[in-house]
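File shown here: entry_33.csv, holding CSV, C-alpha atoms.
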chain,number,residue,atom,x,y,z
A,30,MET,CA,-0.9,-30.0,7.4
A,31,ALA,CA,-0.1,-30.5,3.8
A,32,ASN,CA,2.0,-27.9,2.2
A,33,THR,CA,2.2,-29.1,-1.4
A,34,TYR,CA,3.5,-26.4,-3.6
A,35,LYS,CA,1.3,-25.5,-6.6
A,36,PRO,CA,2.9,-22.8,-8.7
A,37,PHE,CA,0.4,-20.1,-9.8
A,38,ALA,CA,0.9,-20.2,-13.6
A,39,PRO,CA,0.0,-16.6,-14.5
A,40,LEU,CA,2.6,-15.3,-12.0
A,41,VAL,CA,5.3,-17.7,-13.1
A,42,GLU,CA,4.7,-16.8,-16.7
A,43,ARG,CA,4.9,-13.1,-15.8
A,44,ILE,CA,8.1,-13.5,-13.9
A,45,LYS,CA,9.6,-15.3,-16.9
A,46,LYS,CA,8.5,-12.6,-19.2
A,47,ASP,CA,9.2,-9.4,-17.1
A,48,GLY,CA,11.3,-10.4,-14.1
A,49,VAL,CA,14.9,-9.4,-14.1
A,50,CYS,CA,17.6,-11.2,-12.3
A,51,LEU,CA,20.4,-9.1,-10.9
A,52,ASP,CA,23.7,-9.9,-9.3
A,53,GLY,CA,23.6,-11.0,-5.7
A,54,GLY,CA,20.4,-13.1,-5.8
A,55,ILE,CA,18.1,-10.2,-6.5
A,56,LEU,CA,14.9,-10.7,-8.5
A,57,LYS,CA,13.5,-7.4,-9.8
A,58,VAL,CA,9.8,-7.5,-10.4
A,59,ASP,CA,9.1,-3.9,-10.0
A,60,SER,CA,7.2,-3.6,-13.3
A,61,PHE,CA,4.3,-5.7,-12.0
A,62,VAL,CA,4.7,-6.2,-8.2
A,63,ASN,CA,6.4,-3.6,-6.2
A,64,HIS,CA,6.7,-0.3,-8.0
A,65,GLN,CA,4.2,-0.6,-10.8
A,66,ILE,CA,1.3,-2.9,-10.2
A,67,ASP,CA,-0.8,-4.7,-12.8
A,68,PRO,CA,-4.3,-4.7,-11.5
A,69,THR,CA,-5.4,-7.8,-13.5
A,70,LEU,CA,-2.5,-9.9,-12.2
A,71,LEU,CA,-3.0,-8.5,-8.7
A,72,GLN,CA,-6.7,-9.6,-8.8
A,73,SER,CA,-5.9,-13.0,-10.0
A,74,MET,CA,-3.2,-13.6,-7.4
A,75,SER,CA,-5.5,-12.3,-4.7
A,76,ILE,CA,-8.2,-14.7,-5.7
A,77,GLU,CA,-5.7,-17.5,-5.7
A,78,PHE,CA,-4.8,-16.6,-2.1
A,79,VAL,CA,-8.5,-16.7,-1.2
A,80,ARG,CA,-8.7,-20.2,-2.7
A,81,ARG,CA,-5.6,-21.5,-0.9
A,82,PHE,CA,-6.8,-20.3,2.5
A,83,ALA,CA,-10.4,-21.3,1.9
A,84,ASN,CA,-10.0,-23.9,4.6
A,85,LYS,CA,-9.3,-21.2,7.2
A,86,GLU,CA,-11.5,-18.8,9.2
A,87,ILE,CA,-10.1,-15.4,8.7
A,88,ASN,CA,-11.3,-12.1,10.1
A,89,LYS,CA,-8.3,-9.9,9.4
A,90,ILE,CA,-5.5,-9.4,6.9
A,91,LEU,CA,-2.2,-8.3,8.2
A,92,THR,CA,0.8,-7.0,6.2
A,93,ILE,CA,3.8,-4.8,6.6
A,94,GLU,CA,4.1,-1.5,4.7
A,95,ALA,CA,4.8,-0.7,2.0
A,96,SER,CA,5.0,-3.4,-0.7
A,97,GLY,CA,2.7,-5.9,1.0
A,98,ILE,CA,-0.1,-3.4,1.1
A,99,ALA,CA,-1.4,-3.9,-2.5
A,100,PRO,CA,-2.0,-7.7,-2.3
A,101,ALA,CA,-3.2,-7.4,1.3
A,102,ILE,CA,-5.8,-4.8,0.3
A,103,MET,CA,-7.1,-6.9,-2.6
A,104,VAL,CA,-7.4,-10.0,-0.5
A,105,GLY,CA,-9.1,-8.0,2.3
A,106,PHE,CA,-11.5,-6.6,-0.3
A,107,LEU,CA,-12.3,-10.1,-1.7
A,108,LEU,CA,-12.9,-11.5,1.8
A,109,ASN,CA,-14.5,-8.3,3.1
A,110,VAL,CA,-12.4,-8.2,6.2
A,111,PRO,CA,-10.3,-5.3,7.6
A,112,VAL,CA,-6.7,-5.0,6.5
A,113,VAL,CA,-4.1,-3.8,9.0
A,114,PHE,CA,-0.7,-2.7,8.0
A,115,ALA,CA,2.1,-3.0,10.5
A,116,LYS,CA,4.3,0.0,10.4
A,117,LYS,CA,8.1,0.3,10.2
A,118,LYS,CA,8.2,3.5,12.2
A,119,LYS,CA,6.1,4.3,15.2
A,120,PRO,CA,3.7,7.0,14.2
A,121,SER,CA,3.7,10.0,16.6
A,122,THR,CA,-0.1,9.6,17.1
A,123,MET,CA,-0.2,5.9,17.9
A,124,GLY,CA,-1.3,4.9,21.3
A,125,ASP,CA,-0.7,1.6,23.0
A,126,MET,CA,1.1,-0.7,20.6
A,127,LEU,CA,2.8,-4.0,19.9
A,128,VAL,CA,6.4,-3.8,18.8
A,129,THR,CA,8.9,-6.3,17.5
A,130,GLU,CA,12.4,-6.1,16.0
A,131,VAL,CA,13.1,-7.4,12.5
A,132,PHE,CA,16.7,-7.8,11.2
A,133,SER,CA,17.0,-7.0,7.5
A,134,PHE,CA,19.9,-8.9,5.8
A,135,THR,CA,19.5,-6.7,2.7
A,136,LYS,CA,20.1,-3.5,4.8
A,137,ASN,CA,22.2,-5.2,7.5
A,138,LYS,CA,20.3,-3.6,10.3
A,139,SER,CA,17.3,-4.1,12.5
A,140,TYR,CA,14.1,-2.1,12.4
A,141,SER,CA,11.0,-1.9,14.5
A,142,VAL,CA,7.7,-3.2,13.3
A,143,CYS,CA,4.7,-2.0,15.2
A,144,CYS,CA,1.0,-2.3,15.3
A,145,SER,CA,-1.6,-0.6,17.5
A,146,LYS,CA,-3.2,-2.8,20.1
A,147,ASP,CA,-6.5,-1.5,18.9
A,148,PHE,CA,-6.3,-3.4,15.7
A,149,LEU,CA,-4.7,-6.7,16.6
A,150,HIS,CA,-6.1,-8.6,19.6
A,151,GLN,CA,-7.3,-11.8,21.2
A,152,GLY,CA,-9.8,-13.6,19.0
A,153,ASP,CA,-8.4,-12.3,15.7
A,154,LYS,CA,-7.8,-15.0,13.1
A,155,VAL,CA,-5.1,-13.4,11.0
A,156,LEU,CA,-3.9,-14.0,7.5
A,157,PHE,CA,-0.5,-12.5,6.8
A,158,ILE,CA,0.1,-11.4,3.2
A,159,ASP,CA,3.4,-10.1,1.8
A,160,ASP,CA,5.2,-9.7,-1.5
A,161,PHE,CA,8.4,-11.7,-0.7
A,162,LEU,CA,9.4,-14.5,1.5
A,163,ALA,CA,13.2,-14.8,1.7
A,164,ASN,CA,14.9,-15.5,5.1
A,165,GLY,CA,11.6,-15.1,6.8
A,166,ASN,CA,12.7,-12.4,9.3
A,167,ALA,CA,9.7,-10.2,8.6
A,168,ALA,CA,7.4,-13.2,8.9
A,169,LYS,CA,9.0,-14.1,12.3
A,170,GLY,CA,8.3,-10.5,13.4
A,171,ILE,CA,4.7,-10.9,12.4
A,172,ILE,CA,4.5,-14.2,14.3
A,173,ASP,CA,5.8,-12.4,17.4
A,174,LEU,CA,3.3,-9.5,17.0
A,175,VAL,CA,0.4,-11.9,16.6
A,176,LYS,CA,1.5,-13.9,19.6
A,177,GLN,CA,1.9,-10.7,21.7
A,178,ALA,CA,-1.7,-9.8,20.8
A,179,GLY,CA,-3.0,-13.2,21.8
A,180,ALA,CA,-4.4,-13.6,18.3
A,181,GLU,CA,-4.2,-16.6,16.0
A,182,LEU,CA,-2.1,-16.8,12.8
A,183,ALA,CA,-4.4,-18.6,10.3
A,184,GLY,CA,-1.7,-18.6,7.6
A,185,MET,CA,0.9,-16.8,5.6
A,186,GLY,CA,0.7,-16.0,1.9
A,187,PHE,CA,3.5,-14.7,-0.3
A,188,ILE,CA,3.7,-13.7,-3.9
A,189,ILE,CA,7.2,-14.9,-4.4
A,190,GLU,CA,9.3,-17.2,-2.2
A,191,LYS,CA,13.1,-17.6,-2.5
A,192,SER,CA,13.5,-21.1,-1.2
A,193,PHE,CA,17.3,-20.8,-1.1
A,194,GLN,CA,17.0,-18.3,1.7
A,195,HIS,CA,15.1,-20.9,3.8
A,196,GLY,CA,12.5,-18.7,5.5
A,197,GLY,CA,9.8,-21.0,4.1
A,198,ASP,CA,11.4,-24.1,5.6
A,199,PHE,CA,11.4,-22.5,9.1
A,200,LEU,CA,7.8,-21.3,8.8
A,201,ARG,CA,6.5,-24.7,7.5
A,202,ASN,CA,8.5,-26.6,10.1
A,203,SER,CA,6.9,-24.4,12.7
A,204,GLY,CA,3.5,-25.7,11.6
A,205,PHE,CA,2.2,-22.7,9.7
A,206,GLN,CA,0.2,-22.9,6.5
A,207,VAL,CA,2.5,-21.1,4.1
A,208,GLU,CA,1.3,-20.5,0.5
A,209,SER,CA,3.7,-19.0,-2.0
A,210,LEU,CA,2.4,-18.3,-5.5
A,211,ALA,CA,5.8,-18.8,-7.1
A,212,ILE,CA,8.8,-20.4,-5.5
A,213,ILE,CA,12.3,-19.8,-6.9
A,214,ASP,CA,15.0,-22.3,-6.0
A,215,SER,CA,17.9,-20.4,-7.4
A,216,LEU,CA,19.0,-17.1,-8.9
A,217,ASP,CA,22.6,-18.3,-9.4
A,218,ASN,CA,24.3,-16.9,-12.5
A,219,CYS,CA,21.4,-14.6,-13.0
A,220,GLN,CA,19.2,-17.5,-14.1
A,221,ILE,CA,15.7,-17.8,-12.5
A,222,LYS,CA,15.2,-21.4,-11.6
A,223,PHE,CA,11.6,-22.1,-10.5
A,224,LYS,CA,10.8,-24.9,-8.1
A,225,GLY,CA,9.5,-28.0,-9.9
A,226,GLU,CA,10.8,-27.1,-13.3
B,3,MET,CA,-13.0,24.0,-14.6
B,4,ALA,CA,-15.6,23.8,-11.8
B,5,ASN,CA,-14.4,22.5,-8.5
B,6,THR,CA,-17.6,22.5,-6.6
B,7,TYR,CA,-17.1,20.6,-3.4
B,8,LYS,CA,-19.4,17.6,-2.7
B,9,PRO,CA,-18.7,15.9,0.6
B,10,PHE,CA,-18.8,12.1,0.3
B,11,ALA,CA,-21.4,11.3,3.0
B,12,PRO,CA,-20.2,7.8,4.1
B,13,LEU,CA,-16.7,9.2,4.7
B,14,VAL,CA,-17.9,12.3,6.6
B,15,GLU,CA,-20.1,10.1,8.8
B,16,ARG,CA,-17.3,7.7,9.5
B,17,ILE,CA,-14.9,10.6,10.4
B,18,LYS,CA,-17.5,11.9,12.8
B,19,LYS,CA,-17.9,8.4,14.3
B,20,ASP,CA,-14.3,7.2,14.5
B,21,GLY,CA,-12.0,10.1,13.7
B,22,VAL,CA,-10.1,11.5,16.6
B,23,CYS,CA,-8.8,15.0,16.8
B,24,LEU,CA,-5.5,15.5,18.6
B,25,ASP,CA,-3.7,18.6,19.7
B,26,GLY,CA,-1.8,20.5,16.9
B,27,GLY,CA,-4.3,20.1,14.1
B,28,ILE,CA,-3.9,16.3,13.8
B,29,LEU,CA,-6.8,14.2,12.7
B,30,LYS,CA,-6.3,10.5,13.6
B,31,VAL,CA,-8.2,8.2,11.2
B,32,ASP,CA,-6.0,5.2,11.6
B,33,SER,CA,-8.9,2.9,12.4
B,34,PHE,CA,-10.3,3.1,8.9
B,35,VAL,CA,-7.8,4.9,6.6
B,36,ASN,CA,-4.1,4.6,7.4
B,37,HIS,CA,-3.4,1.8,9.8
B,38,GLN,CA,-6.5,-0.4,9.6
B,39,ILE,CA,-8.5,-0.2,6.5
B,40,ASP,CA,-12.2,-0.9,6.1
B,41,PRO,CA,-12.6,-2.6,2.8
B,42,THR,CA,-16.3,-1.6,2.3
B,43,LEU,CA,-15.5,2.1,2.9
B,44,LEU,CA,-12.4,1.8,0.7
B,45,GLN,CA,-14.4,0.4,-2.1
B,46,SER,CA,-17.1,3.0,-1.9
B,47,MET,CA,-14.5,5.9,-1.7
B,48,SER,CA,-12.7,4.4,-4.7
B,49,ILE,CA,-15.9,4.2,-6.7
B,50,GLU,CA,-16.6,7.8,-5.8
B,51,PHE,CA,-13.2,8.8,-7.2
B,52,VAL,CA,-14.0,7.0,-10.4
B,53,ARG,CA,-17.3,8.9,-10.7
B,54,ARG,CA,-15.6,12.3,-10.0
B,55,PHE,CA,-12.9,11.7,-12.7
B,56,ALA,CA,-15.3,10.1,-15.1
B,57,ASN,CA,-14.8,13.2,-17.4
B,58,LYS,CA,-11.1,12.4,-17.8
B,59,GLU,CA,-9.1,9.9,-19.8
B,60,ILE,CA,-6.8,8.1,-17.4
B,61,ASN,CA,-4.3,5.3,-18.2
B,62,LYS,CA,-2.3,5.2,-14.9
B,63,ILE,CA,-2.8,5.8,-11.2
B,64,LEU,CA,0.1,7.4,-9.3
B,65,THR,CA,0.5,7.5,-5.5
B,66,ILE,CA,3.3,7.9,-2.9
B,67,GLU,CA,4.0,5.0,-0.6
B,68,ALA,CA,2.8,4.0,1.9
B,69,SER,CA,-0.7,5.3,3.0
B,70,GLY,CA,-1.8,6.3,-0.5
B,71,ILE,CA,-1.3,2.8,-1.8
B,72,ALA,CA,-4.6,1.3,-0.6
B,73,PRO,CA,-7.0,3.8,-2.3
B,74,ALA,CA,-4.7,3.9,-5.4
B,75,ILE,CA,-4.8,0.2,-5.8
B,76,MET,CA,-8.6,0.1,-5.5
B,77,VAL,CA,-9.1,2.9,-8.0
B,78,GLY,CA,-6.6,1.2,-10.4
B,79,PHE,CA,-8.5,-2.1,-10.0
B,80,LEU,CA,-11.8,-0.4,-10.8
B,81,LEU,CA,-10.4,1.4,-13.8
B,82,ASN,CA,-8.2,-1.6,-14.8
B,83,VAL,CA,-5.1,0.6,-15.2
B,84,PRO,CA,-1.6,0.1,-13.8
B,85,VAL,CA,-0.8,1.7,-10.4
B,86,VAL,CA,2.6,3.2,-9.8
B,87,PHE,CA,3.8,4.1,-6.4
B,88,ALA,CA,6.5,6.7,-6.1
B,89,LYS,CA,9.0,5.8,-3.5
B,90,LYS,CA,10.4,7.8,-0.6
B,91,LYS,CA,13.8,6.0,-0.9
B,92,LYS,CA,15.7,5.2,-4.0
B,93,PRO,CA,15.6,1.4,-4.3
B,94,SER,CA,19.1,-0.1,-4.9
B,95,THR,CA,17.8,-1.9,-8.0
B,96,MET,CA,16.1,1.1,-9.6
B,97,GLY,CA,17.6,2.2,-12.9
B,98,ASP,CA,17.0,5.5,-14.6
B,99,MET,CA,14.6,7.5,-12.5
B,100,LEU,CA,12.8,10.8,-11.9
B,101,VAL,CA,13.5,12.4,-8.5
B,102,THR,CA,12.0,15.4,-6.7
B,103,GLU,CA,12.3,16.8,-3.2
B,104,VAL,CA,9.4,17.2,-0.9
B,105,PHE,CA,9.5,19.2,2.3
B,106,SER,CA,7.5,17.7,5.2
B,107,PHE,CA,6.2,20.2,7.7
B,108,THR,CA,5.3,17.4,10.0
B,109,LYS,CA,8.8,16.1,10.1
B,110,ASN,CA,10.5,19.4,9.4
B,111,LYS,CA,12.8,18.0,6.8
B,112,SER,CA,13.0,17.2,3.1
B,113,TYR,CA,12.8,13.8,1.6
B,114,SER,CA,13.3,12.5,-2.0
B,115,VAL,CA,10.4,11.0,-3.9
B,116,CYS,CA,11.4,9.0,-6.9
B,117,CYS,CA,9.9,7.0,-9.7
B,118,SER,CA,11.4,4.8,-12.4
B,119,LYS,CA,11.4,6.4,-15.9
B,120,ASP,CA,10.1,3.0,-17.1
B,121,PHE,CA,6.7,3.6,-15.4
B,122,LEU,CA,6.0,7.3,-16.0
B,123,HIS,CA,6.5,8.8,-19.4
B,124,GLN,CA,5.3,10.9,-22.2
B,125,GLY,CA,1.7,10.1,-23.2
B,126,ASP,CA,0.7,8.9,-19.7
B,127,LYS,CA,-2.5,10.5,-18.4
B,128,VAL,CA,-2.1,10.2,-14.7
B,129,LEU,CA,-4.5,10.4,-11.8
B,130,PHE,CA,-2.8,11.0,-8.5
B,131,ILE,CA,-4.5,9.5,-5.5
B,132,ASP,CA,-3.4,10.1,-1.9
B,133,ASP,CA,-4.9,9.8,1.6
B,134,PHE,CA,-4.4,13.4,2.8
B,135,LEU,CA,-4.0,16.9,1.3
B,136,ALA,CA,-2.6,19.4,3.7
B,137,ASN,CA,-0.1,21.9,2.6
B,138,GLY,CA,0.2,20.2,-0.7
B,139,ASN,CA,3.9,19.7,-0.8
B,140,ALA,CA,3.7,16.0,-1.7
B,141,ALA,CA,1.3,16.9,-4.5
B,142,LYS,CA,3.7,19.6,-5.7
B,143,GLY,CA,6.4,16.9,-5.8
B,144,ILE,CA,4.1,14.7,-7.9
B,145,ILE,CA,3.4,17.6,-10.3
B,146,ASP,CA,7.1,17.9,-10.8
B,147,LEU,CA,7.6,14.2,-11.4
B,148,VAL,CA,4.8,14.1,-13.9
B,149,LYS,CA,6.2,17.2,-15.7
B,150,GLN,CA,9.8,15.7,-15.8
B,151,ALA,CA,8.3,12.6,-17.4
B,152,GLY,CA,6.5,14.7,-20.0
B,153,ALA,CA,3.2,13.1,-18.9
B,154,GLU,CA,-0.1,14.8,-18.2
B,155,LEU,CA,-1.8,15.1,-14.8
B,156,ALA,CA,-5.4,14.4,-15.4
B,157,GLY,CA,-6.4,15.1,-11.8
B,158,MET,CA,-5.7,14.7,-8.1
B,159,GLY,CA,-8.0,12.8,-5.6
B,160,PHE,CA,-7.6,12.9,-1.9
B,161,ILE,CA,-9.6,11.1,0.8
B,162,ILE,CA,-9.3,14.0,3.3
B,163,GLU,CA,-8.3,17.6,2.7
B,164,LYS,CA,-7.4,20.0,5.5
B,165,SER,CA,-8.4,23.3,3.8
B,166,PHE,CA,-6.8,25.4,6.6
B,167,GLN,CA,-3.3,24.3,5.3
B,168,HIS,CA,-4.1,25.6,1.9
B,169,GLY,CA,-2.6,23.0,-0.4
B,170,GLY,CA,-5.9,22.7,-2.1
B,171,ASP,CA,-6.1,26.4,-2.9
B,172,PHE,CA,-2.7,26.2,-4.6
B,173,LEU,CA,-3.6,23.1,-6.6
B,174,ARG,CA,-7.0,24.4,-7.8
B,175,ASN,CA,-5.6,27.9,-8.6
B,176,SER,CA,-3.0,26.1,-10.7
B,177,GLY,CA,-5.8,24.7,-12.8
B,178,PHE,CA,-5.8,21.1,-11.6
B,179,GLN,CA,-9.0,19.1,-11.0
B,180,VAL,CA,-8.8,18.4,-7.3
B,181,GLU,CA,-11.4,16.1,-5.7
B,182,SER,CA,-11.4,15.6,-2.0
B,183,LEU,CA,-14.0,13.3,-0.5
B,184,ALA,CA,-14.1,15.2,2.8
B,185,ILE,CA,-12.8,18.7,3.5
B,186,ILE,CA,-12.0,19.9,7.0
B,187,ASP,CA,-12.0,23.6,7.6
B,188,SER,CA,-10.7,23.6,11.1
B,189,LEU,CA,-9.4,21.3,13.8
B,190,ASP,CA,-9.2,24.1,16.4
B,191,ASN,CA,-9.8,23.2,20.0
B,192,CYS,CA,-9.9,19.5,18.9
B,193,GLN,CA,-13.2,20.1,17.1
B,194,ILE,CA,-13.6,18.7,13.6
B,195,LYS,CA,-15.3,21.4,11.5
B,196,PHE,CA,-16.3,20.1,8.1
B,197,LYS,CA,-16.6,22.4,5.1
B,198,GLY,CA,-20.1,23.4,4.4
B,199,GLU,CA,-21.6,22.4,7.7

Turn this file's structure into structure tokens for me.
Amino acid sequence: MANTYKPFAPLVERIKKDGVCLDGGILKVDSFVNHQIDPTLLQSMSIEFVRRFANKEINKILTIEASGIAPAIMVGFLLNVPVVFAKKKKPSTMGDMLVTEVFSFTKNKSYSVCCSKDFLHQGDKVLFIDDFLANGNAAKGIIDLVKQAGAELAGMGFIIEKSFQHGGDFLRNSGFQVESLAIIDSLDNCQIKFKGE
Amino acid sequence: MANTYKPFAPLVERIKKDGVCLDGGILKVDSFVNHQIDPTLLQSMSIEFVRRFANKEINKILTIEASGIAPAIMVGFLLNVPVVFAKKKKPSTMGDMLVTEVFSFTKNKSYSVCCSKDFLHQGDKVLFIDDFLANGNAAKGIIDLVKQAGAELAGMGFIIEKSFQHGGDFLRNSGFQVESLAIIDSLDNCQIKFKGE
């Protein structure tokens, strides 16, 4: 399938205006994505996800707590489908569940991601939504959970992709429809270089 | 101020239908509140929060990650104001911040809740939104953060309050406008007893 990249201009402009590039390839967007959220931008980004996955049948949104919840909720609201958030810790009250391990480069350790079998199962057509795509390890964990459940992954949508960490290459080469609203090719020397500019 | 309790019928009915009462005073609502979220219910609850705080000037929604994010996002969207989520771990990239300690009875330990000073400051009129009100320790932490910031707490909205853990008594006696969409008086013997029934 085609995976032509179309930058979502309102987000790219906002990153240019308010994004802060820190040493070590870190892009700080906490004033509008992951600590404080701008509801107008969130709505416009969520509508854009709906447009980009308009070709797909979707009956459930899946994300990982915590910073994926906001865009996932808004997309689920627009599509009127349930939103499931996979958890990073097994809740004491959770019954039968699906579990996978995700290695975090940032934290240099693995963590478990789990989801109740009650909320992800055969027949589900799942859209995964998250804030960042970097090396793709969280996305790979989601692919594993969806596979364990016997469900189908309709696509994966990310607010910001860091192409230089190559998770997007892996996911697209695996045949998934991956839609990133902004792709950043480099953060070298604390300069934000967007794909296609 | 008056704090007359009005149960929000669609939520009460849903708890009766899908809530599960477990030993130890635990109410499991993960099929529609905190693991899988029903977008229609979420929207109706969020509109109800907007109605209940219609008397207040609000320029910011505040919540604590992770399970408060969904209702906070939806209320922020409806009111078109920014949503800030206080974090349970200090992000490595966060600059100057406000920090408070919250004791969790469930986990029998304290954790830090923090918020960047950039997103909570003097002049803010803050509505705190969360999924559960039990002993009120998280809410007390939020009161402390808002006070440290020199901001004003316009009110506190909770999806479900467990009145038998008395956090609501403390908050209302302290003069805050507290709005809970469903109040549960007892979970003894794994029976859900709603206030006023």

Residues of chain B within 6 Å of chain A: nearest atom pair and distance (Å, one decimal) for each, counting all atoms listed in the file, sorted by chain and number, as a tab-separated table?
residue	atom	partner	partner_atom	distance
B:His37	CA	A:Phe114	CA	5.5
B:Gln38	CA	A:Val113	CA	4.2
B:Ile39	CA	A:Val112	CA	5.1
B:Asp40	CA	A:Pro111	CA	5.0
B:Pro41	CA	A:Phe106	CA	5.2
B:Ala68	CA	A:Ala95	CA	5.1
B:Phe79	CA	A:Pro68	CA	5.2
B:Asn82	CA	A:Pro68	CA	6.0
B:Pro84	CA	A:Asp67	CA	5.0
B:Val85	CA	A:Ile66	CA	5.1
B:Val86	CA	A:Gln65	CA	4.2
B:Phe87	CA	A:His64	CA	5.5

Taking C-alpha atoms for each residue, export the selection above as a PDB file, in the coordinates of the input.
ATOM      1  CA  HIS B  37      -3.400   1.800   9.800  1.00  0.00           C
ATOM      2  CA  GLN B  38      -6.500  -0.400   9.600  1.00  0.00           C
ATOM      3  CA  ILE B  39      -8.500  -0.200   6.500  1.00  0.00           C
ATOM      4  CA  ASP B  40     -12.200  -0.900   6.100  1.00  0.00           C
ATOM      5  CA  PRO B  41     -12.600  -2.600   2.800  1.00  0.00           C
ATOM      6  CA  ALA B  68       2.800   4.000   1.900  1.00  0.00           C
ATOM      7  CA  PHE B  79      -8.500  -2.100 -10.000  1.00  0.00           C
ATOM      8  CA  ASN B  82      -8.200  -1.600 -14.800  1.00  0.00           C
ATOM      9  CA  PRO B  84      -1.600   0.100 -13.800  1.00  0.00           C
ATOM     10  CA  VAL B  85      -0.800   1.700 -10.400  1.00  0.00           C
ATOM     11  CA  VAL B  86       2.600   3.200  -9.800  1.00  0.00           C
ATOM     12  CA  PHE B  87       3.800   4.100  -6.400  1.00  0.00           C
TER      13      PHE B  87
END

### Query
In terms of the shortest atom-to-atom distance over only C-alpha atoms, which of A:Gln177, A:Ile44, A:Thr33, A:Leu127 is closest to Ala211 in chain A?
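Checking each of A:Gln177, A:Ile44, A:Thr33, A:Leu127 against Ala211 in chain A, counting only C-alpha atoms, the winner is A:Ile44.
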
### Residue contacts of Phe55 in chain B (10 Å, only C-alpha atoms) excluding same-chain residues fewer than 5 positions away, as a list in words
Glu50, Ile60, Leu129, Ala156, Gly157, Met158, Gly159, Gln179, Val180 and Glu181 of chain B

### Query
Could you work out how far CA of Gly53 in chain A lies from CA of Lys35 in chain A, giving the answer in Å with one decimal?
26.6 Å

### Task
Enter the distance from CA of Ile212 in chain A to CA of Lys45 in chain A, in Å, rounded to one decimal.
12.5 Å

Taking all heavy atoms as the atom set, what does range 204-208 of chain A look like once completed, written as a PDB file, in the frame of the given file?
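Generated file (result23.pdb):
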ATOM      1  N   GLY A 204       4.896 -25.279  11.618  1.00  0.00           N
ATOM      2  CA  GLY A 204       3.500 -25.700  11.600  1.00  0.00           C
ATOM      3  C   GLY A 204       2.541 -24.730  10.937  1.00  0.00           C
ATOM      4  O   GLY A 204       1.330 -24.953  10.953  1.00  0.00           O
ATOM      5  N   PHE A 205       3.065 -23.661  10.350  1.00  0.00           N
ATOM      6  CA  PHE A 205       2.200 -22.700   9.700  1.00  0.00           C
ATOM      7  C   PHE A 205       1.805 -23.119   8.293  1.00  0.00           C
ATOM      8  O   PHE A 205       2.607 -23.757   7.600  1.00  0.00           O
ATOM      9  CB  PHE A 205       2.835 -21.301   9.642  1.00  0.00           C
ATOM     10  CG  PHE A 205       3.059 -20.699  11.004  1.00  0.00           C
ATOM     11  CD1 PHE A 205       4.327 -20.658  11.568  1.00  0.00           C
ATOM     12  CD2 PHE A 205       1.987 -20.200  11.734  1.00  0.00           C
ATOM     13  CE1 PHE A 205       4.529 -20.122  12.841  1.00  0.00           C
ATOM     14  CE2 PHE A 205       2.181 -19.667  13.000  1.00  0.00           C
ATOM     15  CZ  PHE A 205       3.448 -19.630  13.552  1.00  0.00           C
ATOM     16  N   GLN A 206       0.605 -22.764   7.878  1.00  0.00           N
ATOM     17  CA  GLN A 206       0.200 -22.900   6.500  1.00  0.00           C
ATOM     18  C   GLN A 206       0.825 -21.785   5.688  1.00  0.00           C
ATOM     19  O   GLN A 206       0.423 -20.619   5.870  1.00  0.00           O
ATOM     20  CB  GLN A 206      -1.291 -22.984   6.291  1.00  0.00           C
ATOM     21  CG  GLN A 206      -1.666 -23.222   4.820  1.00  0.00           C
ATOM     22  CD  GLN A 206      -3.167 -23.316   4.571  1.00  0.00           C
ATOM     23  OE1 GLN A 206      -3.957 -23.380   5.512  1.00  0.00           O
ATOM     24  NE2 GLN A 206      -3.544 -23.332   3.305  1.00  0.00           N
ATOM     25  N   VAL A 207       1.791 -22.100   4.883  1.00  0.00           N
ATOM     26  CA  VAL A 207       2.500 -21.100   4.100  1.00  0.00           C
ATOM     27  C   VAL A 207       2.140 -21.345   2.606  1.00  0.00           C
ATOM     28  O   VAL A 207       2.291 -22.467   2.129  1.00  0.00           O
ATOM     29  CB  VAL A 207       4.014 -21.179   4.272  1.00  0.00           C
ATOM     30  CG1 VAL A 207       4.739 -20.190   3.376  1.00  0.00           C
ATOM     31  CG2 VAL A 207       4.370 -20.961   5.732  1.00  0.00           C
ATOM     32  N   GLU A 208       1.663 -20.337   1.929  1.00  0.00           N
ATOM     33  CA  GLU A 208       1.300 -20.500   0.500  1.00  0.00           C
ATOM     34  C   GLU A 208       2.058 -19.431  -0.283  1.00  0.00           C
ATOM     35  O   GLU A 208       1.855 -18.230  -0.098  1.00  0.00           O
ATOM     36  CB  GLU A 208      -0.201 -20.295   0.326  1.00  0.00           C
ATOM     37  CG  GLU A 208      -1.056 -21.320   1.056  1.00  0.00           C
ATOM     38  CD  GLU A 208      -1.081 -22.700   0.378  1.00  0.00           C
ATOM     39  OE1 GLU A 208      -0.577 -22.813  -0.765  1.00  0.00           O
ATOM     40  OE2 GLU A 208      -1.595 -23.645   1.008  1.00  0.00           O
TER      41      GLU A 208
END
